[in-house]
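Engineer: My file is entry37.cif. It has mmCIF, C-alpha atoms and all ligand atoms:
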```
data_model
#
loop_
_atom_site.group_PDB
_atom_site.id
_atom_site.type_symbol
_atom_site.label_atom_id
_atom_site.label_comp_id
_atom_site.auth_asym_id
_atom_site.auth_seq_id
_atom_site.Cartn_x
_atom_site.Cartn_y
_atom_site.Cartn_z
ATOM 1 C CA MET A 3 -145.561 -48.158 -128.510
ATOM 2 C CA VAL A 4 -145.841 -51.887 -129.145
ATOM 3 C CA MET A 5 -145.858 -54.178 -126.134
ATOM 4 C CA LEU A 6 -143.425 -57.080 -126.479
ATOM 5 C CA GLU A 7 -141.853 -59.691 -124.253
ATOM 6 C CA VAL A 8 -138.101 -59.616 -124.786
ATOM 7 C CA THR A 9 -135.647 -62.278 -123.680
ATOM 8 C CA MET A 10 -132.980 -60.543 -121.604
ATOM 9 C CA LYS A 11 -130.803 -63.569 -120.829
ATOM 10 C CA ASN A 12 -127.122 -62.611 -121.264
ATOM 11 C CA ARG A 13 -128.111 -59.379 -123.001
ATOM 12 C CA PRO A 14 -125.838 -56.444 -122.153
ATOM 13 C CA CYS A 15 -127.831 -53.822 -120.233
ATOM 14 C CA LEU A 16 -126.519 -50.638 -118.692
ATOM 15 C CA VAL A 17 -128.117 -48.820 -115.768
ATOM 16 C CA VAL A 18 -126.907 -45.313 -114.978
ATOM 17 C CA GLY A 19 -127.843 -44.307 -111.423
ATOM 18 C CA GLY A 20 -128.198 -46.453 -108.323
ATOM 19 C CA GLY A 21 -131.272 -45.186 -106.470
ATOM 20 C CA ALA A 22 -134.716 -46.648 -105.844
ATOM 21 C CA VAL A 23 -135.844 -46.428 -109.459
ATOM 22 C CA ALA A 24 -132.637 -48.029 -110.771
ATOM 23 C CA GLU A 25 -132.989 -50.787 -108.171
ATOM 24 C CA ARG A 26 -136.504 -51.660 -109.348
ATOM 25 C CA ARG A 27 -135.404 -51.844 -112.996
ATOM 26 C CA ILE A 28 -132.264 -53.878 -112.182
ATOM 27 C CA GLY A 29 -134.436 -56.363 -110.292
ATOM 28 C CA LEU A 30 -136.582 -56.885 -113.392
ATOM 29 C CA LEU A 31 -133.560 -57.303 -115.669
ATOM 30 C CA LEU A 32 -131.861 -59.757 -113.290
ATOM 31 C CA ALA A 33 -135.023 -61.817 -113.031
ATOM 32 C CA ASP A 34 -134.410 -62.759 -116.666
ATOM 33 C CA ASP A 35 -130.620 -63.124 -116.275
ATOM 34 C CA ALA A 36 -129.580 -60.009 -118.165
ATOM 35 C CA ASP A 37 -125.905 -59.054 -118.159
ATOM 36 C CA VAL A 38 -126.232 -55.872 -116.079
ATOM 37 C CA THR A 39 -123.652 -53.138 -115.581
ATOM 38 C CA VAL A 40 -124.473 -50.319 -113.167
ATOM 39 C CA ILE A 41 -122.688 -46.969 -113.218
ATOM 40 C CA SER A 42 -123.249 -44.928 -110.065
ATOM 41 C CA PRO A 43 -121.115 -43.343 -107.337
ATOM 42 C CA LYS A 44 -123.656 -44.351 -104.684
ATOM 43 C CA VAL A 45 -126.069 -47.297 -104.705
ATOM 44 C CA THR A 46 -128.847 -48.715 -102.514
ATOM 45 C CA ASP A 47 -128.108 -51.580 -100.112
ATOM 46 C CA THR A 48 -129.848 -54.054 -102.406
ATOM 47 C CA ILE A 49 -127.757 -53.009 -105.415
ATOM 48 C CA GLU A 50 -124.674 -53.271 -103.198
ATOM 49 C CA LYS A 51 -125.612 -56.896 -102.377
ATOM 50 C CA TRP A 52 -126.122 -57.757 -106.049
ATOM 51 C CA ALA A 53 -122.615 -56.406 -106.708
ATOM 52 C CA GLU A 54 -121.097 -58.400 -103.807
ATOM 53 C CA ASN A 55 -122.760 -61.574 -105.095
ATOM 54 C CA GLY A 56 -121.451 -60.996 -108.606
ATOM 55 C CA GLU A 57 -124.946 -60.648 -110.039
ATOM 56 C CA ILE A 58 -124.135 -57.257 -111.538
ATOM 57 C CA ASN A 59 -121.021 -55.443 -112.624
ATOM 58 C CA LEU A 60 -120.796 -52.218 -110.588
ATOM 59 C CA VAL A 61 -118.783 -49.218 -111.748
ATOM 60 C CA ARG A 62 -118.550 -46.897 -108.753
ATOM 61 C CA GLU A 63 -118.147 -43.668 -110.672
ATOM 62 C CA GLY A 64 -120.264 -40.742 -111.733
ATOM 63 C CA TYR A 65 -121.240 -41.014 -115.377
ATOM 64 C CA GLU A 66 -119.505 -38.491 -117.590
ATOM 65 C CA LYS A 67 -119.933 -37.914 -121.278
ATOM 66 C CA GLY A 68 -118.043 -40.443 -123.382
ATOM 67 C CA GLN A 69 -118.019 -43.108 -120.690
ATOM 68 C CA LEU A 70 -120.796 -45.443 -121.809
ATOM 69 C CA THR A 71 -120.023 -49.019 -122.779
ATOM 70 C CA GLN A 72 -121.923 -50.901 -125.476
ATOM 71 C CA ALA A 73 -125.341 -52.202 -124.441
ATOM 72 C CA ASP A 74 -128.631 -53.153 -126.071
ATOM 73 C CA PHE A 75 -130.752 -51.469 -123.407
ATOM 74 C CA VAL A 76 -129.807 -48.463 -121.295
ATOM 75 C CA VAL A 77 -131.763 -47.324 -118.240
ATOM 76 C CA VAL A 78 -131.003 -43.729 -117.302
ATOM 77 C CA ALA A 79 -132.051 -42.979 -113.714
ATOM 78 C CA THR A 80 -129.840 -40.417 -112.022
ATOM 79 C CA ASP A 81 -131.362 -37.551 -110.050
ATOM 80 C CA SER A 82 -130.007 -34.955 -112.487
ATOM 81 C CA THR A 83 -132.150 -33.973 -115.461
ATOM 82 C CA MET A 84 -129.189 -32.551 -117.298
ATOM 83 C CA LEU A 85 -127.102 -35.709 -116.873
ATOM 84 C CA ASN A 86 -130.027 -37.931 -117.817
ATOM 85 C CA LYS A 87 -130.573 -36.001 -121.037
ATOM 86 C CA GLN A 88 -126.910 -36.170 -122.006
ATOM 87 C CA CYS A 89 -126.642 -39.839 -121.127
ATOM 88 C CA ALA A 90 -129.786 -40.735 -123.106
ATOM 89 C CA GLU A 91 -128.421 -38.952 -126.170
ATOM 90 C CA GLU A 92 -125.090 -40.722 -125.945
ATOM 91 C CA ALA A 93 -126.680 -44.142 -125.445
ATOM 92 C CA ARG A 94 -128.942 -43.639 -128.429
ATOM 93 C CA ALA A 95 -126.017 -42.568 -130.600
ATOM 94 C CA MET A 96 -124.420 -45.939 -129.717
ATOM 95 C CA GLY A 97 -127.513 -47.679 -131.023
ATOM 96 C CA ALA A 98 -129.019 -48.647 -127.663
ATOM 97 C CA LEU A 99 -132.678 -48.381 -126.713
ATOM 98 C CA VAL A 100 -133.160 -45.939 -123.845
ATOM 99 C CA ASN A 101 -135.460 -45.770 -120.831
ATOM 100 C CA ARG A 102 -135.221 -42.424 -119.092
ATOM 101 C CA ALA A 103 -136.742 -42.292 -115.599
ATOM 102 C CA ASP A 104 -137.387 -38.566 -115.392
ATOM 103 C CA ASP A 105 -138.918 -37.908 -118.803
ATOM 104 C CA ASN A 106 -141.531 -40.187 -120.276
ATOM 105 C CA ASN A 107 -141.282 -38.400 -123.636
ATOM 106 C CA ASP A 108 -137.624 -39.335 -123.987
ATOM 107 C CA CYS A 109 -138.058 -43.128 -123.731
ATOM 108 C CA ASP A 110 -137.555 -45.676 -126.521
ATOM 109 C CA PHE A 111 -139.024 -48.296 -124.210
ATOM 110 C CA VAL A 112 -140.866 -48.191 -120.902
ATOM 111 C CA PHE A 113 -141.420 -50.731 -118.168
ATOM 112 C CA PRO A 114 -145.111 -51.561 -118.030
ATOM 113 C CA MET A 115 -146.697 -52.464 -114.727
ATOM 114 C CA THR A 116 -146.245 -56.232 -114.662
ATOM 115 C CA VAL A 117 -147.952 -58.701 -112.380
ATOM 116 C CA ARG A 118 -146.997 -62.334 -112.260
ATOM 117 C CA GLU A 119 -149.199 -64.969 -110.741
ATOM 118 C CA GLY A 120 -148.032 -68.511 -111.455
ATOM 119 C CA ALA A 121 -147.838 -68.992 -115.210
ATOM 120 C CA LEU A 122 -149.866 -65.850 -115.852
ATOM 121 C CA THR A 123 -148.132 -62.563 -116.650
ATOM 122 C CA VAL A 124 -150.188 -59.448 -117.229
ATOM 123 C CA ALA A 125 -148.553 -56.194 -118.283
ATOM 124 C CA VAL A 126 -150.481 -52.955 -118.135
ATOM 125 C CA ALA A 127 -149.446 -49.724 -119.766
ATOM 126 C CA GLY A 128 -151.349 -46.502 -119.467
ATOM 127 C CA ASP A 129 -150.138 -44.015 -122.036
ATOM 128 C CA LYS A 130 -147.824 -42.729 -119.285
ATOM 129 C CA ALA A 131 -150.775 -41.081 -117.579
ATOM 130 C CA SER A 132 -150.345 -42.344 -114.031
ATOM 131 C CA PRO A 133 -147.896 -45.030 -112.839
ATOM 132 C CA ARG A 134 -149.685 -45.006 -109.496
ATOM 133 C CA LEU A 135 -152.980 -45.892 -111.166
ATOM 134 C CA LEU A 136 -151.228 -48.667 -113.106
ATOM 135 C CA LYS A 137 -149.982 -50.147 -109.862
ATOM 136 C CA LEU A 138 -153.516 -50.229 -108.458
ATOM 137 C CA VAL A 139 -154.909 -51.757 -111.666
ATOM 138 C CA GLY A 140 -152.165 -54.385 -111.551
ATOM 139 C CA GLN A 141 -153.048 -55.368 -107.986
ATOM 140 C CA ASP A 142 -156.705 -55.619 -108.967
ATOM 141 C CA ILE A 143 -155.904 -57.863 -111.936
ATOM 142 C CA ARG A 144 -153.760 -60.167 -109.830
ATOM 143 C CA GLN A 145 -156.622 -60.602 -107.381
ATOM 144 C CA ARG A 146 -159.237 -61.184 -110.095
ATOM 145 C CA TYR A 147 -157.236 -63.741 -112.066
ATOM 146 C CA ARG A 148 -155.650 -65.698 -109.228
ATOM 147 C CA LEU A 149 -157.775 -68.793 -109.955
ATOM 148 C CA VAL A 150 -157.150 -68.458 -113.686
ATOM 149 C CA ALA A 151 -153.412 -68.568 -113.056
ATOM 150 C CA ALA A 152 -153.818 -71.626 -110.844
ATOM 151 C CA ILE A 153 -155.441 -73.766 -113.559
ATOM 152 C CA MET A 154 -153.093 -72.834 -116.389
ATOM 153 C CA PRO A 155 -150.822 -75.893 -116.028
ATOM 154 C CA ALA A 156 -153.863 -78.206 -116.280
ATOM 155 C CA LEU A 157 -155.169 -76.359 -119.314
ATOM 156 C CA LYS A 158 -151.769 -76.528 -120.982
ATOM 157 C CA GLU A 159 -151.820 -80.286 -120.568
ATOM 158 C CA ILE A 160 -155.211 -80.544 -122.261
ATOM 159 C CA ARG A 161 -154.009 -78.271 -125.048
ATOM 160 C CA ASN A 162 -151.047 -80.560 -125.678
ATOM 161 C CA GLU A 163 -153.404 -83.557 -125.880
ATOM 162 C CA VAL A 164 -155.588 -81.717 -128.387
ATOM 163 C CA LYS A 165 -152.488 -80.936 -130.459
ATOM 164 C CA LEU A 166 -151.754 -84.648 -130.721
ATOM 165 C CA LEU A 167 -155.345 -85.584 -131.560
ATOM 166 C CA LEU A 168 -156.137 -82.869 -134.104
ATOM 167 C CA PRO A 169 -153.498 -82.609 -136.814
ATOM 168 C CA THR A 170 -154.220 -79.183 -138.279
ATOM 169 C CA SER A 171 -154.148 -75.750 -136.746
ATOM 170 C CA LYS A 172 -157.543 -74.988 -138.284
ATOM 171 C CA GLU A 173 -159.179 -77.976 -136.559
ATOM 172 C CA ARG A 174 -157.649 -77.032 -133.218
ATOM 173 C CA GLN A 175 -158.873 -73.471 -133.594
ATOM 174 C CA VAL A 176 -162.420 -74.697 -134.275
ATOM 175 C CA PHE A 177 -162.225 -77.041 -131.269
ATOM 176 C CA TRP A 178 -161.106 -74.372 -128.828
ATOM 177 C CA ARG A 179 -163.521 -71.737 -130.100
ATOM 178 C CA LYS A 180 -166.388 -74.191 -129.707
ATOM 179 C CA HIS A 181 -165.536 -75.525 -126.263
ATOM 180 C CA PHE A 182 -163.747 -72.723 -124.507
ATOM 181 C CA GLY A 183 -165.215 -69.239 -124.427
ATOM 182 C CA GLU A 184 -166.298 -66.367 -122.223
ATOM 183 C CA ALA A 185 -168.695 -68.520 -120.224
ATOM 184 C CA GLU A 186 -165.867 -70.905 -119.316
ATOM 185 C CA LEU A 187 -163.615 -68.025 -118.286
ATOM 186 C CA THR A 188 -166.350 -66.725 -116.010
ATOM 187 C CA GLN A 189 -166.720 -70.172 -114.469
ATOM 188 C CA ILE A 190 -162.993 -70.408 -113.830
ATOM 189 C CA ILE A 191 -162.981 -66.993 -112.156
ATOM 190 C CA GLU A 192 -165.893 -68.168 -110.012
ATOM 191 C CA GLY A 193 -163.909 -71.195 -108.851
ATOM 192 C CA LYS A 194 -165.723 -73.743 -111.024
ATOM 193 C CA TRP A 195 -162.708 -75.038 -112.946
ATOM 194 C CA LYS A 196 -163.617 -78.651 -112.230
ATOM 195 C CA LEU A 197 -166.852 -78.236 -114.197
ATOM 196 C CA VAL A 198 -165.029 -76.616 -117.107
ATOM 197 C CA GLU A 199 -162.351 -79.285 -117.036
ATOM 198 C CA GLU A 200 -164.934 -82.034 -117.125
ATOM 199 C CA LYS A 201 -166.702 -80.465 -120.122
ATOM 200 C CA VAL A 202 -163.518 -79.850 -122.071
ATOM 201 C CA ARG A 203 -162.139 -83.307 -121.300
ATOM 202 C CA TYR A 204 -165.402 -84.850 -122.460
ATOM 203 C CA ALA A 205 -165.091 -82.902 -125.741
ATOM 204 C CA VAL A 206 -161.524 -84.174 -126.096
ATOM 205 C CA SER A 207 -162.708 -87.738 -125.583
ATOM 206 C CA ARG A 208 -165.238 -87.261 -128.403
ATOM 207 C CA ILE A 209 -162.613 -86.140 -130.942
ATOM 208 C CA GLY A 210 -162.845 -88.368 -134.002
ATOM 209 C CA ILE A 211 -166.283 -89.718 -133.058
ATOM 210 C CA LYS A 212 -169.032 -88.694 -135.476
ATOM 211 C CA PRO A 213 -171.886 -86.808 -133.726
HETATM 212 C C1 LIG A 301 -143.104 -43.669 -118.526
HETATM 213 C C2 LIG A 301 -142.539 -44.569 -117.426
HETATM 214 C C3 LIG A 301 -141.170 -44.798 -117.955
HETATM 215 C C4 LIG A 301 -140.430 -45.836 -117.258
HETATM 216 O O1 LIG A 301 -139.829 -45.440 -116.267
HETATM 217 O O2 LIG A 301 -140.414 -46.962 -117.759
HETATM 218 C C5 LIG A 301 -142.574 -43.922 -116.047
HETATM 219 C C6 LIG A 301 -142.238 -42.617 -115.812
HETATM 220 C C7 LIG A 301 -142.355 -41.899 -114.598
HETATM 221 N N1 LIG A 301 -142.801 -42.419 -113.394
HETATM 222 C C8 LIG A 301 -142.848 -41.426 -112.453
HETATM 223 C C9 LIG A 301 -143.306 -41.548 -111.124
HETATM 224 C C10 LIG A 301 -143.717 -42.729 -110.478
HETATM 225 N N2 LIG A 301 -143.544 -44.010 -110.988
HETATM 226 C C11 LIG A 301 -144.068 -44.908 -110.111
HETATM 227 C C12 LIG A 301 -144.081 -46.326 -110.300
HETATM 228 C C13 LIG A 301 -143.894 -47.022 -111.472
HETATM 229 N N3 LIG A 301 -143.605 -46.477 -112.705
HETATM 230 C C14 LIG A 301 -143.657 -47.417 -113.668
HETATM 231 C C15 LIG A 301 -143.539 -47.180 -115.044
HETATM 232 C C16 LIG A 301 -143.291 -45.987 -115.702
HETATM 233 N N4 LIG A 301 -142.947 -44.823 -115.103
HETATM 234 C C17 LIG A 301 -143.341 -45.851 -117.188
HETATM 235 C C18 LIG A 301 -144.781 -45.612 -117.640
HETATM 236 C C19 LIG A 301 -145.545 -46.839 -118.058
HETATM 237 C C20 LIG A 301 -146.904 -46.430 -118.590
HETATM 238 O O3 LIG A 301 -147.556 -45.514 -118.084
HETATM 239 O O4 LIG A 301 -147.335 -47.059 -119.557
HETATM 240 C C21 LIG A 301 -144.002 -48.773 -113.102
HETATM 241 C C22 LIG A 301 -145.393 -49.135 -113.603
HETATM 242 C C23 LIG A 301 -143.079 -49.891 -113.480
HETATM 243 C C24 LIG A 301 -141.685 -49.760 -112.944
HETATM 244 O O5 LIG A 301 -141.198 -48.669 -112.671
HETATM 245 O O6 LIG A 301 -141.049 -50.803 -112.816
HETATM 246 C C25 LIG A 301 -143.939 -48.519 -111.561
HETATM 247 C C26 LIG A 301 -145.084 -49.096 -110.746
HETATM 248 C C27 LIG A 301 -144.718 -50.457 -110.206
HETATM 249 C C28 LIG A 301 -144.266 -50.518 -108.795
HETATM 250 O O7 LIG A 301 -144.178 -49.522 -108.039
HETATM 251 O O8 LIG A 301 -144.019 -51.668 -108.386
HETATM 252 C C29 LIG A 301 -144.611 -44.198 -109.000
HETATM 253 C C30 LIG A 301 -145.381 -44.870 -107.861
HETATM 254 C C31 LIG A 301 -144.626 -45.066 -106.635
HETATM 255 O O9 LIG A 301 -143.407 -44.817 -106.583
HETATM 256 O O10 LIG A 301 -145.306 -45.476 -105.666
HETATM 257 C C32 LIG A 301 -144.368 -42.837 -109.205
HETATM 258 C C33 LIG A 301 -144.765 -41.670 -108.295
HETATM 259 C C34 LIG A 301 -146.269 -41.393 -108.428
HETATM 260 C C35 LIG A 301 -146.718 -40.891 -109.792
HETATM 261 O O11 LIG A 301 -146.091 -39.997 -110.363
HETATM 262 O O12 LIG A 301 -147.740 -41.445 -110.282
HETATM 263 C C36 LIG A 301 -142.377 -40.223 -113.066
HETATM 264 C C37 LIG A 301 -142.362 -38.885 -112.399
HETATM 265 C C38 LIG A 301 -141.052 -38.612 -111.646
HETATM 266 C C39 LIG A 301 -141.094 -37.239 -111.054
HETATM 267 O O13 LIG A 301 -142.178 -36.745 -110.693
HETATM 268 O O14 LIG A 301 -139.979 -36.664 -111.001
HETATM 269 C C40 LIG A 301 -142.043 -40.537 -114.390
HETATM 270 C C41 LIG A 301 -141.466 -39.618 -115.445
HETATM 271 C C42 LIG A 301 -142.513 -38.811 -116.132
HETATM 272 O O15 LIG A 301 -143.703 -38.935 -115.859
HETATM 273 O O16 LIG A 301 -142.077 -38.026 -117.017
HETATM 274 N N1 LIG A 302 -139.863 -43.770 -113.678
HETATM 275 C C1 LIG A 302 -140.248 -43.862 -112.428
HETATM 276 O O1 LIG A 302 -140.938 -44.793 -112.074
HETATM 277 C C2 LIG A 302 -139.846 -42.807 -111.451
HETATM 278 C C3 LIG A 302 -138.950 -41.847 -111.840
HETATM 279 N N2 LIG A 302 -138.490 -40.925 -110.957
HETATM 280 C C4 LIG A 302 -137.423 -40.036 -111.502
HETATM 281 O O2 LIG A 302 -136.204 -40.816 -111.495
HETATM 282 C C5 LIG A 302 -135.142 -40.101 -110.829
HETATM 283 C C6 LIG A 302 -134.349 -41.071 -109.956
HETATM 284 O O3 LIG A 302 -135.173 -41.489 -108.906
HETATM 285 P P1 LIG A 302 -134.613 -42.263 -107.611
HETATM 286 O O4 LIG A 302 -133.969 -43.510 -108.016
HETATM 287 O O5 LIG A 302 -135.702 -42.313 -106.626
HETATM 288 O O6 LIG A 302 -133.479 -41.212 -107.135
HETATM 289 P P2 LIG A 302 -132.350 -41.345 -106.015
HETATM 290 O O7 LIG A 302 -132.056 -39.976 -105.551
HETATM 291 O O8 LIG A 302 -132.709 -42.423 -105.052
HETATM 292 O O9 LIG A 302 -131.105 -41.906 -106.837
HETATM 293 C C7 LIG A 302 -130.331 -41.124 -107.703
HETATM 294 C C8 LIG A 302 -129.108 -41.951 -108.067
HETATM 295 O O10 LIG A 302 -128.390 -41.283 -109.098
HETATM 296 C C9 LIG A 302 -127.003 -41.478 -108.826
HETATM 297 N N3 LIG A 302 -126.188 -40.495 -109.557
HETATM 298 C C10 LIG A 302 -126.020 -39.175 -109.289
HETATM 299 N N4 LIG A 302 -125.143 -38.652 -110.154
HETATM 300 C C11 LIG A 302 -124.740 -39.653 -110.972
HETATM 301 C C12 LIG A 302 -123.815 -39.756 -112.061
HETATM 302 N N5 LIG A 302 -123.089 -38.713 -112.500
HETATM 303 N N6 LIG A 302 -123.672 -40.939 -112.661
HETATM 304 C C13 LIG A 302 -124.356 -42.021 -112.249
HETATM 305 N N7 LIG A 302 -125.225 -41.995 -111.210
HETATM 306 C C14 LIG A 302 -125.414 -40.826 -110.599
HETATM 307 C C15 LIG A 302 -126.890 -41.379 -107.333
HETATM 308 O O11 LIG A 302 -125.697 -41.985 -106.861
HETATM 309 C C16 LIG A 302 -128.136 -42.147 -106.896
HETATM 310 O O12 LIG A 302 -127.824 -43.514 -106.775
HETATM 311 C C17 LIG A 302 -135.854 -39.025 -110.011
HETATM 312 O O13 LIG A 302 -135.044 -37.870 -109.986
HETATM 313 C C18 LIG A 302 -137.168 -38.789 -110.746
HETATM 314 O O14 LIG A 302 -137.001 -37.748 -111.679
HETATM 315 C C19 LIG A 302 -138.933 -40.917 -109.677
HETATM 316 C C20 LIG A 302 -139.851 -41.811 -109.220
HETATM 317 C C21 LIG A 302 -140.382 -42.848 -110.094
#
```
Please go through the file and, once you have read it, give me the structure as structure tokens.
Ligand SMILES: C[C@@]1(CC(=O)O)c2cc3[nH]c(cc4nc(cc5[nH]c(cc(n2)[C@H]1CCC(=O)O)[C@@](C)(CC(=O)O)[C@@H]5CCC(=O)O)C(CC(=O)O)=C4CCC(=O)O)c(CCC(=O)O)c3CC(=O)O
Ligand SMILES: NC(=O)C1=CN([C@@H]2O[C@H](COP(=O)(O)OP(=O)(O)OC[C@H]3O[C@@H](n4cnc5c(N)ncnc54)[C@H](O)[C@@H]3O)[C@@H](O)[C@H]2O)C=CC1

Structural biologist:
Amino acid sequence: MVMLEVTMKNRPCLVVGGGAVAERRIGLLLADDADVTVISPKVTDTIEKWAENGEINLVREGYEKGQLTQADFVVVATDSTMLNKQCAEEARAMGALVNRADDNNDCDFVFPMTVREGALTVAVAGDKASPRLLKLVGQDIRQRYRLVAAIMPALKEIRNEVKLLLPTSKERQVFWRKHFGEAELTQIIEGKWKLVEEKVRYAVSRIGIKP
């Protein structure tokens, strides 16, 4: 599998099933403004609220063969293995990519464990070995990189300045490789961003000045 970030805005997505797993996936899709349709006779309270607020289109029926509407991504998450298998086959025949909650070998795409902390997004996948372990790793990463996330807006600003001062991509690459490396990352993690910022800003101020 190749890990990608996909823009879901206005993209037709279908979720079959309305339980806890479906709810989690719908939440992720809505966070990027996907066009979500849910097919399920029963749904969780949260899914019910999304439907009331017009955030999703809810079809209150049990999925039956031949009932799927066109979608780019289909999440299959009913509590019946037989139904899930049938639904995944039908969705694929329509050309959709399928995520099947009860069988990790029958997925065209999976949802990696994703942690967001400010501007930082880290996604962790684990060869489908243990979602529980992924969750723990994700929590650990969020903790470890909290300070990194916090300084990202400041670093972005410096990067934009460097873009204006150094005209070629090659020059910018050389600049960043020289002034921003593992040692700086360690300092940021240790809460010493101000020191790093000072050093990098000094280097920026020296751009164009012969050593
Ligand atoms: C393949 C994948 C496909 C996919 O669904 O995309 C898949 C498949 C399955 N999960 C199962 C079980 C559980 N999944 C979770 C939790 C999460 N599962 C997620 C991803 C993925 N799960 C994809 C793999 C990604 C990869 O590994 O690279 C996370 C990361 C993201 C998310 O779901 O959004 C989310 C954590 C985030 C969160 O909780 O916030 C828990 C933990 C819990 O509930 O506390 C349990 C119970 C404990 C356990 O089993 O470890 C079962 C067995 C069902 C059964 O036994 O019947 C299958 C099916 C199978 O294994 O065949
Ligand atoms: N991928 C993952 O992270 C996990 C996957 N699972 C698997 O996913 C399955 C679903 O898990 P939960 O959401 O917890 O189950 P759940 O029991 O909470 O929800 C099942 C949903 O399927 C719906 N459903 C039943 N028949 C249907 C039909 N004909 N058409 C449409 N919807 C129908 C029900 O109305 C209900 O909303 C589990 O059976 C399990 O195999 C379980 C835990 C985690």

Engineer: When the PyMOL selection byres (((chain A and resi 124) around 9) and not hetatm) is applied to the file above, which residues end up in the set, as an MDAnalysis selection string?

Structural biologist: chainID A and resid 115:119 122:123 125:126 140 143:144

Engineer: Can you write just those residues out, C-alpha atoms, as a PDB file, in the frame of the given file?

Structural biologist:
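The resulting file, again.pdb, is shown below:
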```pdb
ATOM      1  CA  MET A 115    -146.697 -52.464-114.727  1.00  0.00           C
ATOM      2  CA  THR A 116    -146.245 -56.232-114.662  1.00  0.00           C
ATOM      3  CA  VAL A 117    -147.952 -58.701-112.380  1.00  0.00           C
ATOM      4  CA  ARG A 118    -146.997 -62.334-112.260  1.00  0.00           C
ATOM      5  CA  GLU A 119    -149.199 -64.969-110.741  1.00  0.00           C
ATOM      6  CA  LEU A 122    -149.866 -65.850-115.852  1.00  0.00           C
ATOM      7  CA  THR A 123    -148.132 -62.563-116.650  1.00  0.00           C
ATOM      8  CA  ALA A 125    -148.553 -56.194-118.283  1.00  0.00           C
ATOM      9  CA  VAL A 126    -150.481 -52.955-118.135  1.00  0.00           C
ATOM     10  CA  GLY A 140    -152.165 -54.385-111.551  1.00  0.00           C
ATOM     11  CA  ILE A 143    -155.904 -57.863-111.936  1.00  0.00           C
ATOM     12  CA  ARG A 144    -153.760 -60.167-109.830  1.00  0.00           C
TER      13      ARG A 144
END
```

Engineer: When you draw a straight line from atom C5 of ligand LIG 301 (chain A) to atom CA of A:Ala95, how long is it in Å?

Structural biologist: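 Spanning atom C5 of ligand LIG 301 (chain A) to atom CA of A:Ala95 is a straight-line distance of 22.1 Å.
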
Engineer: Using the chain letters and numbers from this file, what does the PyMOL selection byres (((chain A and resi 6) around 12) and not hetatm) select? Give the answer as a list in words.

Structural biologist: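 Output from the PyMOL selection byres (((chain A and resi 6) around 12) and not hetatm), applied to this file: Met3, Val4, Met5, Glu7, Val8, Thr9, Phe111, Val112, Phe113, Pro114, Val124, Ala125, Val126 and Ala127 of chain A.
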
Engineer: Could you list, as a PyMOL selection string, every residue matched by the PyMOL selection byres (((not hetatm)) within 10 of (chain A and resi 301)) in this structure?

Structural biologist: chain A and resi 3+5+22-30+77-79+81+83+100-117+125-138+140-141

Engineer: Have a look at atom CA of A:Ile190 and atom CA of A:Val150 and let me know their distance in Å, one decimal.

Structural biologist: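 Separation of atom CA of A:Ile190 and atom CA of A:Val150: 6.2 Å.
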